[in-house]
Amino acid sequence: MRGRRGRHVLLLLTPPSCIIIFPVPLHCFSQHRAPPSSTREARVHKISRMASRLVRGVARTMTTVAAVKTPRLTRAGRYISTSLLVSGGVALYASHQGSVAAAQKAPTTIDTSKFMAPPITELSVLEGKPNDMRTKMELMIMRIQSEFCRALEGEEGAGCKFTVDRWRRHNPSEGGGVTCVLQDGKTFEKAGVNITVMTAPLSKELQASMRARGKKLPEDKKFSFFAAGISSVIHPRNPHVPTIHFNYRYFEMQDEDGNNKHWWFGGGTDLTPYYLDEGDVKLFHGVLKSACDRHQPDYYSRFKKWCDDYFFVKFRGERRGVGGIFFDDLEDTDPEKMFGFVTDCADAVIPSYLPLVKKHKNDAVSEEERRWQLLRRGRYVEFNLVYDRGTKFGFATPNARIESILMSLPLHARWEYMHQPAPGTPEYKITEVLKNPKDWV
């Protein structure tokens, strides 16, 4: 029965007409319970089950004693049965209280206190699979998001913080993300740092794209994918502070039967200055090269060229910026080594970019420089909407979250018909570099 405050109680009837009441969770006596959804619930479930067995054993003992018909044993049976039931009820109550206390005190092995929001995956799942690559990647991108957001907030001063939007997909079981956006700040006109952790069906359009990149996917099978990634674009207010973009991601894919499995890493970091400061670009590339060199001596040269090629705007005949590193479909080595490489690249973002922000955020700005910044932002938008693979993937994913996909777009941009900077100007100098990439380190 249910007692006060919604607590369930156990009524034990003992001879002669004695009622003993013990508070106890009703689920202890249910034969069909849903499986525990967390490690803590599992502990409660186990202890309560043991207590339930104790009470059932007491009941069987009472029945046996009551079956003896001699007067002496009947009086003894009353005493014994009452004692057993009292002790059983006390034990059950104590076990329940102990299980609740243990569940409340059970420590979590994952510290989420510094994240911008709780992880997308339930903590019990992450704790249960600490060595799974999905767990490692999600916790890594949560950490990088928090550290980068805090570093950017530090350049804004007191009172200017990121808006944090933790969201779920249309079907919550497919995951979601955490989108952090700072707008109209003193230093950053718009800064977005987004993470996504999701599992969803792979559309026919995306399957065709994967096949074009060399993935062997039978056309008669349905596929699903897992993706965990972080993506960020920072549009500063001062034209002398470059825009930065970085993205690091992990994919898994398999068919409906659990076959045809694929996994790979991708990502990169690139810089888009509005005015060329060669010292800034050399520092940026130098930090990325150091991260690459810790893993393979040819990584930087390979991924630097890949970046220059990937961010080429064909109909403009120029690159989006001064490059950086870019890679995709990395699956030809040990996944743990690749994860270490991706982590080092993500950790390189702050030391490659924050010094440039500190150096230029208070530089004097003319109206002409602001106008040029808006024109170059227009070119940035062109690439993102026409060429960028991540944007296309987002649009092609069923029930796509458009707000997060278009987070990379600036608040303001400008297009002018047939605009050309005059030769010899700082604006002309940067466009020549965009047309002719160079080695910086």
# chains A, B, ... in the order shown; residues from 1 in each chain; ligands from 1

call {"tool": "select_by_dssp", "arguments": {"residues": "segment 310-397 of chain A", "states": "strand (DSSP E or B)", "output": "PDB file with N, CA and C atoms, in the first residue's frame"}}
result
ATOM      1  N   PHE A 312      40.045  26.127 -52.173  1.00  0.00           N
ATOM      2  CA  PHE A 312      40.157  26.858 -53.436  1.00  0.00           C
ATOM      3  C   PHE A 312      38.765  27.152 -53.991  1.00  0.00           C
ATOM      4  N   VAL A 313      38.478  28.435 -54.247  1.00  0.00           N
ATOM      5  CA  VAL A 313      37.198  28.850 -54.816  1.00  0.00           C
ATOM      6  C   VAL A 313      37.405  28.959 -56.332  1.00  0.00           C
ATOM      7  N   GLU A 318      40.836  31.875 -56.360  1.00  0.00           N
ATOM      8  CA  GLU A 318      41.593  32.210 -55.153  1.00  0.00           C
ATOM      9  C   GLU A 318      41.222  31.272 -54.017  1.00  0.00           C
ATOM     10  N   ARG A 319      42.080  31.218 -52.993  1.00  0.00           N
ATOM     11  CA  ARG A 319      41.787  30.453 -51.782  1.00  0.00           C
ATOM     12  C   ARG A 319      40.971  31.304 -50.808  1.00  0.00           C
ATOM     13  N   GLY A 323      45.386  29.364 -45.490  1.00  0.00           N
ATOM     14  CA  GLY A 323      45.540  27.942 -45.244  1.00  0.00           C
ATOM     15  C   GLY A 323      45.782  27.570 -43.805  1.00  0.00           C
ATOM     16  N   GLY A 324      46.342  26.391 -43.656  1.00  0.00           N
ATOM     17  CA  GLY A 324      46.554  25.758 -42.362  1.00  0.00           C
ATOM     18  C   GLY A 324      46.756  24.285 -42.626  1.00  0.00           C
ATOM     19  N   ILE A 325      45.930  23.443 -42.040  1.00  0.00           N
ATOM     20  CA  ILE A 325      45.956  22.003 -42.328  1.00  0.00           C
ATOM     21  C   ILE A 325      44.527  21.532 -42.550  1.00  0.00           C
ATOM     22  N   PHE A 326      44.388  20.501 -43.362  1.00  0.00           N
ATOM     23  CA  PHE A 326      43.088  19.876 -43.614  1.00  0.00           C
ATOM     24  C   PHE A 326      43.343  18.418 -43.974  1.00  0.00           C
ATOM     25  N   PHE A 327      42.484  17.518 -43.447  1.00  0.00           N
ATOM     26  CA  PHE A 327      42.585  16.094 -43.783  1.00  0.00           C
ATOM     27  C   PHE A 327      41.216  15.466 -43.619  1.00  0.00           C
ATOM     28  N   ASP A 328      41.038  14.345 -44.275  1.00  0.00           N
ATOM     29  CA  ASP A 328      39.778  13.622 -44.168  1.00  0.00           C
ATOM     30  C   ASP A 328      40.024  12.153 -44.484  1.00  0.00           C
ATOM     31  N   ASP A 329      39.085  11.305 -44.075  1.00  0.00           N
ATOM     32  CA  ASP A 329      39.143   9.864 -44.358  1.00  0.00           C
ATOM     33  C   ASP A 329      40.421   9.209 -43.854  1.00  0.00           C
ATOM     34  N   LEU A 330      40.941   9.662 -42.717  1.00  0.00           N
ATOM     35  CA  LEU A 330      42.136   9.036 -42.150  1.00  0.00           C
ATOM     36  C   LEU A 330      41.726   7.767 -41.413  1.00  0.00           C
TER      37      LEU A 330
END

call {"tool": "residues_around", "arguments": {"residues": "Asp347 of chain A", "least_positions_apart": "6", "cutoff": "12 Å", "atoms": "only C-alpha atoms", "output": "list of chain:residue names"}}
result
A:Met140, A:Ile141, A:Arg143, A:Ile144, A:Gln145, A:Ser146, A:Glu147, A:Phe148, A:Phe246, A:Asn247, A:Tyr248, A:Gly268, A:Thr269, A:Val287, A:Leu288, A:Ser290, A:Ala291, A:Cys292, A:Gly340, A:Phe341, A:Tyr353

call {"tool": "residues_around", "arguments": {"residues": "Phe226 of chain A", "least_positions_apart": "4", "cutoff": "6 Å", "atoms": "only C-alpha atoms", "output": "list of chain:residue names"}}
result
A:Met198, A:Thr199, A:Phe251, A:Glu252

call {"tool": "residues_around", "arguments": {"residues": "segment 163-172 of chain A", "least_positions_apart": "4", "cutoff": "10 Å", "atoms": "only C-alpha atoms", "output": "PDB file with N, CA, C and O atoms, in the first residue's frame"}}
result
ATOM      1  N   MET A 116      30.715  23.263 -21.107  1.00  0.00           N
ATOM      2  CA  MET A 116      29.710  24.301 -21.324  1.00  0.00           C
ATOM      3  C   MET A 116      28.304  23.787 -21.032  1.00  0.00           C
ATOM      4  O   MET A 116      27.409  24.563 -20.712  1.00  0.00           O
ATOM      5  N   ALA A 117      28.114  22.479 -21.142  1.00  0.00           N
ATOM      6  CA  ALA A 117      26.824  21.831 -20.876  1.00  0.00           C
ATOM      7  C   ALA A 117      27.101  20.355 -20.635  1.00  0.00           C
ATOM      8  O   ALA A 117      28.209  19.862 -20.918  1.00  0.00           O
ATOM      9  N   PRO A 118      26.130  19.603 -20.105  1.00  0.00           N
ATOM     10  CA  PRO A 118      26.332  18.161 -19.944  1.00  0.00           C
ATOM     11  C   PRO A 118      26.567  17.489 -21.292  1.00  0.00           C
ATOM     12  O   PRO A 118      26.082  17.959 -22.328  1.00  0.00           O
ATOM     13  N   PRO A 119      27.305  16.379 -21.320  1.00  0.00           N
ATOM     14  CA  PRO A 119      27.503  15.642 -22.572  1.00  0.00           C
ATOM     15  C   PRO A 119      26.172  15.214 -23.185  1.00  0.00           C
ATOM     16  O   PRO A 119      25.158  15.111 -22.495  1.00  0.00           O
ATOM     17  N   ILE A 120      26.189  14.967 -24.480  1.00  0.00           N
ATOM     18  CA  ILE A 120      24.976  14.533 -25.168  1.00  0.00           C
ATOM     19  C   ILE A 120      24.631  13.100 -24.771  1.00  0.00           C
ATOM     20  O   ILE A 120      23.485  12.765 -24.530  1.00  0.00           O
ATOM     21  N   GLY A 176      22.278  14.755 -30.426  1.00  0.00           N
ATOM     22  CA  GLY A 176      22.075  16.196 -30.515  1.00  0.00           C
ATOM     23  C   GLY A 176      23.395  16.930 -30.489  1.00  0.00           C
ATOM     24  O   GLY A 176      24.392  16.457 -31.028  1.00  0.00           O
ATOM     25  N   GLY A 177      23.404  18.076 -29.827  1.00  0.00           N
ATOM     26  CA  GLY A 177      24.627  18.860 -29.801  1.00  0.00           C
ATOM     27  C   GLY A 177      24.569  19.968 -28.767  1.00  0.00           C
ATOM     28  O   GLY A 177      23.573  20.157 -28.061  1.00  0.00           O
ATOM     29  N   VAL A 178      25.671  20.705 -28.683  1.00  0.00           N
ATOM     30  CA  VAL A 178      25.776  21.885 -27.831  1.00  0.00           C
ATOM     31  C   VAL A 178      26.328  23.007 -28.702  1.00  0.00           C
ATOM     32  O   VAL A 178      27.469  22.937 -29.155  1.00  0.00           O
ATOM     33  N   THR A 179      25.511  24.013 -28.955  1.00  0.00           N
ATOM     34  CA  THR A 179      25.912  25.156 -29.765  1.00  0.00           C
ATOM     35  C   THR A 179      26.159  26.348 -28.852  1.00  0.00           C
ATOM     36  O   THR A 179      25.277  26.741 -28.090  1.00  0.00           O
ATOM     37  N   CYS A 180      27.357  26.905 -28.930  1.00  0.00           N
ATOM     38  CA  CYS A 180      27.731  28.073 -28.125  1.00  0.00           C
ATOM     39  C   CYS A 180      27.989  29.244 -29.069  1.00  0.00           C
ATOM     40  O   CYS A 180      28.827  29.136 -29.972  1.00  0.00           O
ATOM     41  N   VAL A 181      27.282  30.334 -28.860  1.00  0.00           N
ATOM     42  CA  VAL A 181      27.390  31.494 -29.747  1.00  0.00           C
ATOM     43  C   VAL A 181      27.553  32.761 -28.919  1.00  0.00           C
ATOM     44  O   VAL A 181      26.840  32.973 -27.929  1.00  0.00           O
ATOM     45  N   LEU A 182      28.499  33.600 -29.348  1.00  0.00           N
ATOM     46  CA  LEU A 182      28.704  34.921 -28.767  1.00  0.00           C
ATOM     47  C   LEU A 182      28.524  35.926 -29.899  1.00  0.00           C
ATOM     48  O   LEU A 182      29.193  35.822 -30.930  1.00  0.00           O
ATOM     49  N   GLN A 183      27.627  36.895 -29.718  1.00  0.00           N
ATOM     50  CA  GLN A 183      27.322  37.857 -30.774  1.00  0.00           C
ATOM     51  C   GLN A 183      27.448  39.289 -30.262  1.00  0.00           C
ATOM     52  O   GLN A 183      27.159  39.570 -29.100  1.00  0.00           O
ATOM     53  N   GLY A 192      31.154  31.280 -32.966  1.00  0.00           N
ATOM     54  CA  GLY A 192      30.360  30.072 -32.772  1.00  0.00           C
ATOM     55  C   GLY A 192      31.241  28.865 -32.561  1.00  0.00           C
ATOM     56  O   GLY A 192      32.237  28.679 -33.278  1.00  0.00           O
ATOM     57  N   VAL A 193      30.913  28.064 -31.559  1.00  0.00           N
ATOM     58  CA  VAL A 193      31.651  26.829 -31.268  1.00  0.00           C
ATOM     59  C   VAL A 193      30.606  25.745 -31.039  1.00  0.00           C
ATOM     60  O   VAL A 193      29.906  25.752 -30.023  1.00  0.00           O
ATOM     61  N   ASN A 194      30.510  24.828 -31.974  1.00  0.00           N
ATOM     62  CA  ASN A 194      29.428  23.846 -31.961  1.00  0.00           C
ATOM     63  C   ASN A 194      29.982  22.429 -31.871  1.00  0.00           C
ATOM     64  O   ASN A 194      30.978  22.104 -32.526  1.00  0.00           O
ATOM     65  N   ILE A 195      29.355  21.592 -31.058  1.00  0.00           N
ATOM     66  CA  ILE A 195      29.663  20.168 -31.085  1.00  0.00           C
ATOM     67  C   ILE A 195      28.397  19.398 -31.437  1.00  0.00           C
ATOM     68  O   ILE A 195      27.288  19.819 -31.119  1.00  0.00           O
ATOM     69  N   THR A 196      28.587  18.291 -32.102  1.00  0.00           N
ATOM     70  CA  THR A 196      27.480  17.414 -32.474  1.00  0.00           C
ATOM     71  C   THR A 196      27.870  15.982 -32.169  1.00  0.00           C
ATOM     72  O   THR A 196      28.991  15.562 -32.482  1.00  0.00           O
ATOM     73  N   VAL A 197      26.962  15.251 -31.543  1.00  0.00           N
ATOM     74  CA  VAL A 197      27.133  13.817 -31.285  1.00  0.00           C
ATOM     75  C   VAL A 197      25.823  13.155 -31.702  1.00  0.00           C
ATOM     76  O   VAL A 197      24.789  13.371 -31.061  1.00  0.00           O
ATOM     77  N   MET A 198      25.857  12.371 -32.754  1.00  0.00           N
ATOM     78  CA  MET A 198      24.596  11.869 -33.280  1.00  0.00           C
ATOM     79  C   MET A 198      24.750  10.526 -33.971  1.00  0.00           C
ATOM     80  O   MET A 198      25.836  10.158 -34.421  1.00  0.00           O
ATOM     81  N   THR A 199      23.654   9.805 -34.018  1.00  0.00           N
ATOM     82  CA  THR A 199      23.528   8.565 -34.771  1.00  0.00           C
ATOM     83  C   THR A 199      22.256   8.687 -35.603  1.00  0.00           C
ATOM     84  O   THR A 199      21.201   9.015 -35.071  1.00  0.00           O
ATOM     85  N   ALA A 200      22.374   8.455 -36.907  1.00  0.00           N
ATOM     86  CA  ALA A 200      21.222   8.669 -37.772  1.00  0.00           C
ATOM     87  C   ALA A 200      21.351   7.825 -39.037  1.00  0.00           C
ATOM     88  O   ALA A 200      22.436   7.331 -39.361  1.00  0.00           O
ATOM     89  N   PRO A 398      18.955  13.851 -42.816  1.00  0.00           N
ATOM     90  CA  PRO A 398      17.524  13.994 -42.506  1.00  0.00           C
ATOM     91  C   PRO A 398      17.289  14.775 -41.214  1.00  0.00           C
ATOM     92  O   PRO A 398      18.026  14.611 -40.239  1.00  0.00           O
ATOM     93  N   ASN A 399      16.292  15.647 -41.226  1.00  0.00           N
ATOM     94  CA  ASN A 399      15.935  16.470 -40.062  1.00  0.00           C
ATOM     95  C   ASN A 399      17.115  17.310 -39.579  1.00  0.00           C
ATOM     96  O   ASN A 399      17.390  17.404 -38.382  1.00  0.00           O
ATOM     97  N   ALA A 400      17.818  17.917 -40.540  1.00  0.00           N
ATOM     98  CA  ALA A 400      18.993  18.726 -40.212  1.00  0.00           C
ATOM     99  C   ALA A 400      18.596  19.931 -39.362  1.00  0.00           C
ATOM    100  O   ALA A 400      17.506  20.501 -39.512  1.00  0.00           O
ATOM    101  N   ARG A 401      19.499  20.343 -38.474  1.00  0.00           N
ATOM    102  CA  ARG A 401      19.264  21.519 -37.633  1.00  0.00           C
ATOM    103  C   ARG A 401      19.946  22.714 -38.297  1.00  0.00           C
ATOM    104  O   ARG A 401      21.153  22.943 -38.154  1.00  0.00           O
ATOM    105  N   SER A 404      22.297  25.370 -36.427  1.00  0.00           N
ATOM    106  CA  SER A 404      23.666  24.963 -36.120  1.00  0.00           C
ATOM    107  C   SER A 404      24.526  24.903 -37.383  1.00  0.00           C
ATOM    108  O   SER A 404      25.711  25.231 -37.357  1.00  0.00           O
TER     109      SER A 404
END

call {"tool": "residues_around", "arguments": {"residues": "segment 376-386 of chain A", "least_positions_apart": "5", "cutoff": "6 Å", "atoms": "only C-alpha atoms", "output": "number ranges by chain"}}
result
A: 413-415

call {"tool": "atom_distance", "arguments": {"atom1": "atom CA of Leu409 of chain A", "atom2": "atom CA of His360 of chain A"}}
result
22.0 Å

call {"tool": "select_by_dssp", "arguments": {"residues": "segment 259-390 of chain A", "states": "helix (DSSP H, G or I)", "output": "PyMOL selection string"}}
result
chain A and resi 278-293+299-310+335-347+349-360+367-386+389-390

call {"tool": "closest_residue", "arguments": {"among": "A:Asn436, A:Thr397, A:Thr121, A:Gln373", "to": "Ala228 of chain A", "atoms": "only C-alpha atoms"}}
result
A:Thr121

call {"tool": "atom_distance", "arguments": {"atom1": "atom CA of Ala227 of chain A", "atom2": "atom CA of Met137 of chain A"}}
result
9.5 Å

call {"tool": "closest_residue", "arguments": {"among": "A:Ser352, A:Ser124, A:Thr112, A:Thr431", "to": "Ile244 of chain A", "atoms": "only C-alpha atoms"}}
result
A:Ser352

call {"tool": "residues_around", "arguments": {"residues": "segment 420-422 of chain A", "least_positions_apart": "6", "cutoff": "12 Å", "atoms": "only C-alpha atoms", "output": "number ranges by chain"}}
result
A: 316, 368-369, 371-372, 375-376, 428-432
